>>> print(open('work-v8.pdb').read())   # PDB, C-alpha atoms
ATOM      1  CA  MET R   1     -56.857 180.399  48.608
ATOM      2  CA  ALA R   2     -59.568 178.057  47.478
ATOM      3  CA  LYS R   3     -59.088 179.017  43.834
ATOM      4  CA  GLU R   4     -55.341 178.198  43.938
ATOM      5  CA  ASP R   5     -55.990 174.766  45.461
ATOM      6  CA  SER R   6     -58.567 173.914  42.814
ATOM      7  CA  ASN R   7     -56.175 175.024  39.993
ATOM      8  CA  SER R   8     -53.268 172.954  41.330
ATOM      9  CA  GLU R   9     -55.506 169.893  41.599
ATOM     10  CA  ARG R  10     -56.759 170.238  38.021
ATOM     11  CA  GLU R  11     -55.050 168.333  35.210
ATOM     12  CA  PRO R  12     -52.749 170.271  32.915
ATOM     13  CA  SER R  13     -54.486 171.437  29.744
ATOM     14  CA  TRP R  14     -52.265 169.331  27.452
ATOM     15  CA  LYS R  15     -53.524 166.136  29.101
ATOM     16  CA  SER R  16     -57.077 166.895  28.000
ATOM     17  CA  ASP R  17     -55.829 167.701  24.476
ATOM     18  CA  PHE R  18     -53.766 164.484  24.240
ATOM     19  CA  PRO R  19     -55.575 161.801  26.252
ATOM     20  CA  ILE R  20     -53.062 158.939  25.991
ATOM     21  CA  GLU R  21     -52.588 156.653  28.920
ATOM     22  CA  THR R  22     -48.964 156.188  29.992
ATOM     23  CA  ARG R  23     -49.233 152.416  29.758
ATOM     24  CA  ARG R  24     -50.568 152.613  26.196
ATOM     25  CA  GLY R  25     -47.903 155.140  25.141
ATOM     26  CA  THR R  26     -44.964 152.937  26.182
ATOM     27  CA  HIS R  27     -46.390 149.568  25.176
ATOM     28  CA  VAL R  28     -44.836 147.940  22.083
ATOM     29  CA  SER R  29     -46.822 145.163  20.464
ATOM     30  CA  ARG R  30     -45.232 142.094  18.903
ATOM     31  CA  ARG R  31     -46.254 143.335  15.472
ATOM     32  CA  GLU R  32     -44.554 146.722  16.009
ATOM     33  CA  PHE R  33     -41.434 145.046  17.367
ATOM     34  CA  ALA R  34     -41.281 142.612  14.416
ATOM     35  CA  LYS R  35     -41.728 145.507  11.987
ATOM     36  CA  PHE R  36     -38.869 147.388  13.691
ATOM     37  CA  LEU R  37     -36.582 144.319  13.477
ATOM     38  CA  GLY R  38     -37.489 143.804   9.817
ATOM     39  CA  LEU R  39     -36.692 147.425   8.950
ATOM     40  CA  LEU R  40     -33.428 147.316  10.916
ATOM     41  CA  SER R  41     -32.365 144.065   9.203
ATOM     42  CA  GLY R  42     -33.199 145.576   5.826
ATOM     43  CA  ALA R  43     -31.092 148.651   6.606
ATOM     44  CA  PHE R  44     -28.130 146.451   7.585
ATOM     45  CA  ALA R  45     -28.503 144.384   4.400
ATOM     46  CA  LEU R  46     -28.609 147.529   2.240
ATOM     47  CA  SER R  47     -25.519 148.992   3.922
ATOM     48  CA  ASN R  48     -23.581 145.734   3.443
ATOM     49  CA  GLY R  49     -24.678 145.633  -0.184
ATOM     50  CA  PHE R  50     -23.442 149.203  -0.624
ATOM     51  CA  ILE R  51     -20.025 148.244   0.757
ATOM     52  CA  VAL R  52     -19.760 145.274  -1.630
ATOM     53  CA  ILE R  53     -20.827 147.342  -4.639
ATOM     54  CA  LYS R  54     -18.384 150.112  -3.714
ATOM     55  CA  ALA R  55     -15.518 147.595  -3.416
ATOM     56  CA  MET R  56     -16.364 146.055  -6.794
ATOM     57  CA  ALA R  57     -16.949 149.356  -8.614
ATOM     58  CA  PHE R  58     -13.863 151.087  -7.206
ATOM     59  CA  PRO R  59     -11.123 148.459  -6.701
ATOM     60  CA  ALA R  60      -7.954 149.359  -4.814
ATOM     61  CA  GLU R  61      -5.315 151.018  -6.941
ATOM     62  CA  LYS R  62      -2.099 149.123  -7.643
ATOM     63  CA  LEU R  63       1.057 150.441  -6.045
ATOM     64  CA  GLU R  64       3.070 152.279  -8.679
ATOM     65  CA  GLY R  65       6.873 152.064  -8.691
ATOM     66  CA  GLU R  66       9.265 151.485  -5.811
ATOM     67  CA  HIS R  67       8.845 153.176  -2.440
ATOM     68  CA  PHE R  68      11.745 153.797  -0.053
ATOM     69  CA  VAL R  69      11.122 152.314   3.402
ATOM     70  CA  VAL R  70      14.288 152.374   5.511
ATOM     71  CA  ASN R  71      18.057 151.992   5.405
ATOM     72  CA  GLU R  72      19.113 148.333   5.533
ATOM     73  CA  ASP R  73      21.289 148.754   8.649
ATOM     74  CA  GLU R  74      18.410 150.279  10.682
ATOM     75  CA  VAL R  75      16.480 146.979  10.931
ATOM     76  CA  GLY R  76      18.348 144.101  12.568
ATOM     77  CA  VAL R  77      17.911 140.443  11.646
ATOM     78  CA  GLY R  78      14.730 139.119  13.296
ATOM     79  CA  GLU R  79      13.265 142.600  13.712
ATOM     80  CA  MET R  80      10.131 144.237  12.314
ATOM     81  CA  PHE R  81       9.722 147.787  10.990
ATOM     82  CA  GLN R  82       6.321 149.471  10.595
ATOM     83  CA  PHE R  83       5.706 151.896   7.737
ATOM     84  CA  GLU R  84       2.874 153.430   5.729
ATOM     85  CA  ILE R  85       2.437 154.086   2.052
ATOM     86  CA  HIS R  86       0.365 157.113   1.179
ATOM     87  CA  GLY R  87      -1.773 157.017  -1.921
ATOM     88  CA  ALA R  88      -5.535 157.255  -2.317
ATOM     89  CA  LYS R  89      -5.569 155.766   1.201
ATOM     90  CA  LYS R  90      -2.923 155.478   3.912
ATOM     91  CA  ILE R  91      -2.085 151.755   4.234
ATOM     92  CA  PRO R  92       0.045 150.370   7.098
ATOM     93  CA  TYR R  93       2.662 147.686   6.337
ATOM     94  CA  ILE R  94       5.301 145.738   8.227
ATOM     95  CA  LEU R  95       8.794 144.999   6.945
ATOM     96  CA  ILE R  96      10.428 141.903   8.427
ATOM     97  CA  HIS R  97      14.164 141.158   8.260
ATOM     98  CA  LEU R  98      14.000 137.351   8.506
ATOM     99  CA  LYS R  99      17.614 136.389   7.784
ATOM    100  CA  GLU R 100      20.643 138.007   6.230
ATOM    101  CA  ASN R 101      19.514 139.320   2.808
ATOM    102  CA  GLU R 102      15.984 137.940   3.330
ATOM    103  CA  TRP R 103      13.184 140.495   3.690
ATOM    104  CA  ARG R 104       9.368 140.328   3.607
ATOM    105  CA  ALA R 105       6.740 143.089   3.567
ATOM    106  CA  PHE R 106       3.069 142.516   4.391
ATOM    107  CA  GLU R 107       0.023 144.674   4.926
ATOM    108  CA  GLN R 108      -0.388 145.159   8.667
ATOM    109  CA  LYS R 109      -4.160 144.562   8.673
ATOM    110  CA  CYS R 110      -5.419 141.061   9.467
ATOM    111  CA  THR R 111      -7.672 139.655   6.749
ATOM    112  CA  HIS R 112     -10.259 138.659   9.373
ATOM    113  CA  LEU R 113     -11.318 141.921  11.054
ATOM    114  CA  THR R 114      -8.429 144.271  10.120
ATOM    115  CA  CYS R 115      -6.722 144.159  13.518
ATOM    116  CA  ALA R 116      -3.057 145.166  13.502
ATOM    117  CA  VAL R 117      -0.703 142.191  13.113
ATOM    118  CA  ARG R 118       2.837 141.937  14.487
ATOM    119  CA  TYR R 119       5.873 139.766  13.868
ATOM    120  CA  ARG R 120       6.822 137.402  16.682
ATOM    121  CA  LYS R 121      10.543 136.658  16.448
ATOM    122  CA  ASP R 122      10.347 133.827  19.015
ATOM    123  CA  GLU R 123       7.729 132.017  16.897
ATOM    124  CA  ASN R 124       8.984 133.227  13.488
ATOM    125  CA  LYS R 125       5.323 133.919  12.672
ATOM    126  CA  ILE R 126       3.034 136.900  12.272
ATOM    127  CA  GLU R 127       0.370 137.097  14.976
ATOM    128  CA  CYS R 128      -3.040 138.736  15.033
ATOM    129  CA  PRO R 129      -3.705 139.148  18.757
ATOM    130  CA  CYS R 130      -7.428 139.921  18.376
ATOM    131  CA  HIS R 131      -8.591 136.361  17.616
ATOM    132  CA  ASN R 132      -5.366 134.325  17.807
ATOM    133  CA  GLY R 133      -4.745 134.262  14.058
ATOM    134  CA  TRP R 134      -1.278 133.267  12.826
ATOM    135  CA  PHE R 135       0.389 133.796   9.448
ATOM    136  CA  SER R 136       3.617 132.470   7.950
ATOM    137  CA  ALA R 137       6.383 135.077   8.066
ATOM    138  CA  ASP R 138       7.776 133.650   4.798
ATOM    139  CA  THR R 139       4.639 133.647   2.645
ATOM    140  CA  GLY R 140       1.854 135.385   4.605
ATOM    141  CA  GLU R 141      -0.302 132.229   4.359
ATOM    142  CA  VAL R 142      -2.782 131.530   7.165
ATOM    143  CA  LEU R 143      -1.426 128.986   9.647
ATOM    144  CA  GLN R 144      -4.133 129.103  12.317
ATOM    145  CA  GLY R 145      -7.235 130.955  13.370
ATOM    146  CA  PRO R 146     -10.136 132.712  11.678
ATOM    147  CA  PRO R 147      -8.397 134.792   8.933
ATOM    148  CA  PRO R 148      -9.941 133.778   5.574
ATOM    149  CA  ARG R 149      -7.017 134.762   3.287
ATOM    150  CA  PRO R 150      -3.272 135.327   3.389
ATOM    151  CA  LEU R 151      -1.835 138.757   4.129
ATOM    152  CA  PRO R 152      -1.315 140.968   1.076
ATOM    153  CA  GLN R 153       2.411 141.030   0.334
ATOM    154  CA  LEU R 154       4.763 143.515  -1.317
ATOM    155  CA  GLU R 155       7.997 142.647  -3.069
ATOM    156  CA  VAL R 156      11.108 143.887  -1.235
ATOM    157  CA  VAL R 157      14.058 145.276  -3.188
ATOM    158  CA  VAL R 158      17.395 146.161  -1.545
ATOM    159  CA  LYS R 159      19.624 148.580  -3.494
ATOM    160  CA  GLU R 160      22.843 150.118  -2.203
ATOM    161  CA  GLY R 161      21.901 149.632   1.465
ATOM    162  CA  LYS R 162      18.377 151.018   1.065
ATOM    163  CA  VAL R 163      15.186 148.939   1.346
ATOM    164  CA  TYR R 164      12.365 149.593  -1.139
ATOM    165  CA  VAL R 165       8.991 147.925  -1.650
ATOM    166  CA  LYS R 166       6.890 147.554  -4.776
ATOM    167  CA  GLU R 167       3.818 145.675  -5.951
ATOM    168  CA  GLU R 168       4.517 141.973  -6.489
ATOM    169  CA  ASN R 169       4.722 140.859 -10.122
ATOM    170  CA  GLU R 170       1.616 139.038 -11.312
ATOM    171  CA  ASP R 171       3.631 136.058 -12.611
ATOM    172  CA  GLN R 172       5.026 135.456  -9.085
ATOM    173  CA  ASN R 173       1.503 135.104  -7.677
ATOM    174  CA  ILE R 174       0.470 132.456 -10.204
ATOM    175  CA  LEU R 175       1.792 129.009  -9.314
TER
END
>>> encode(input="work-v8.pdb", output="structure tokens")
Amino acid sequence: MAKEDSNSEREPSWKSDFPIETRRGTHVSRREFAKFLGLLSGAFALSNGFIVIKAMAFPAEKLEGEHFVVNEDEVGVGEMFQFEIHGAKKIPYILIHLKENEWRAFEQKCTHLTCAVRYRKDENKIECPCHNGWFSADTGEVLQGPPPRPLPQLEVVVKEGKVYVKEENEDQNIL
């Protein structure tokens, strides 16, 4: 019995092989903490730089041709219709029937933090509920809030009761 008691009271063999005090093993000095923050900040800067370089090296492809969205009679005046266009990426858009024979189509991602926007008929504006951003339903221009740029817009074409969208002509964007 005496041998078992003396063995249970002895330190485990790994403790003699690795004599590190618990306090020393968990302590982080200011220098180590500053080095960690510097490395983490550098990693964030590199990843942001990668995103910028990727966006500049591989710009978004232009929308080719006209794309059918919906039949004209399926979206009432003052209503919004959500749709997606599939290409290299799947991009969500909203189609707004403002007045009789007056249509607008905008990308559904807010230009601030890409939250989904929605048309508010009572305000006749497009709202980003994440940070209270507002856009004009006529032009997509920023009316209020943090969004830095207007919503990307598509040209709407109505033919024989069918609504199509296509990339806006360059000469329409230049004023």
>>> residues_around(input="work-v8.pdb", residues="R:Leu143", least_positions_apart="2", cutoff="8 Å", atoms="only C-alpha atoms", output="PDB file with C-alpha atoms, in the frame of the given file")
ATOM      1  CA  GLY R 133      -4.745 134.262  14.058  1.00  0.00           C
ATOM      2  CA  TRP R 134      -1.278 133.267  12.826  1.00  0.00           C
ATOM      3  CA  PHE R 135       0.389 133.796   9.448  1.00  0.00           C
ATOM      4  CA  SER R 136       3.617 132.470   7.950  1.00  0.00           C
ATOM      5  CA  GLU R 141      -0.302 132.229   4.359  1.00  0.00           C
ATOM      6  CA  GLY R 145      -7.235 130.955  13.370  1.00  0.00           C
TER       7      GLY R 145
END
>>> residues_around(input="work-v8.pdb", residues="stretch 85-89 of chain R", least_positions_apart="4", cutoff="8 Å", atoms="only C-alpha atoms", output="JSON, numbers by chain")
{"R": [61, 67, 93]}
>>> closest_residue(input="work-v8.pdb", among="R:Arg30, R:Arg104, R:Lys166, R:Arg10", to="R:Asp138", atoms="only C-alpha atoms")
R:Arg104
>>> residues_around(input="work-v8.pdb", residues="stretch 110-121 of chain R", least_positions_apart="3", cutoff="8 Å", atoms="all atoms listed in the file", output="PyMOL selection string")
chain R and resi 78-80+94+96+107+124-130+137+146-151
>>> resolve_selection(input="work-v8.pdb", expression="the PyMOL selection byres ((chain R and resi 69) around 7)", output="PDB file with C-alpha atoms, in the coordinates of the input")
ATOM      1  CA  HIS R  67       8.845 153.176  -2.440  1.00  0.00           C
ATOM      2  CA  PHE R  68      11.745 153.797  -0.053  1.00  0.00           C
ATOM      3  CA  VAL R  70      14.288 152.374   5.511  1.00  0.00           C
ATOM      4  CA  PHE R  83       5.706 151.896   7.737  1.00  0.00           C
ATOM      5  CA  VAL R 163      15.186 148.939   1.346  1.00  0.00           C
ATOM      6  CA  TYR R 164      12.365 149.593  -1.139  1.00  0.00           C
TER       7      TYR R 164
END
>>> axis_aligned_box(input="work-v8.pdb", around="stretch 63-76 of chain R", padding_each_side="4 Å", output="JSON")
{"center_x": 11.2, "center_y": 148.9, "center_z": 1.9, "size_x": 28.2, "size_y": 17.7, "size_z": 29.3}
>>> atom_distance(input="work-v8.pdb", atom1="atom CA of R:Val158", atom2="atom CA of R:Gly140")
19.9 Å
>>> resolve_selection(input="work-v8.pdb", expression="the PyMOL selection byres ((chain R and resi 100) around 10)", output="ChimeraX atom specification")
/R:76-78,97-99,101-103
>>> atom_distance(input="work-v8.pdb", atom1="atom CA of R:Val28", atom2="atom CA of R:Phe44")
22.2 Å
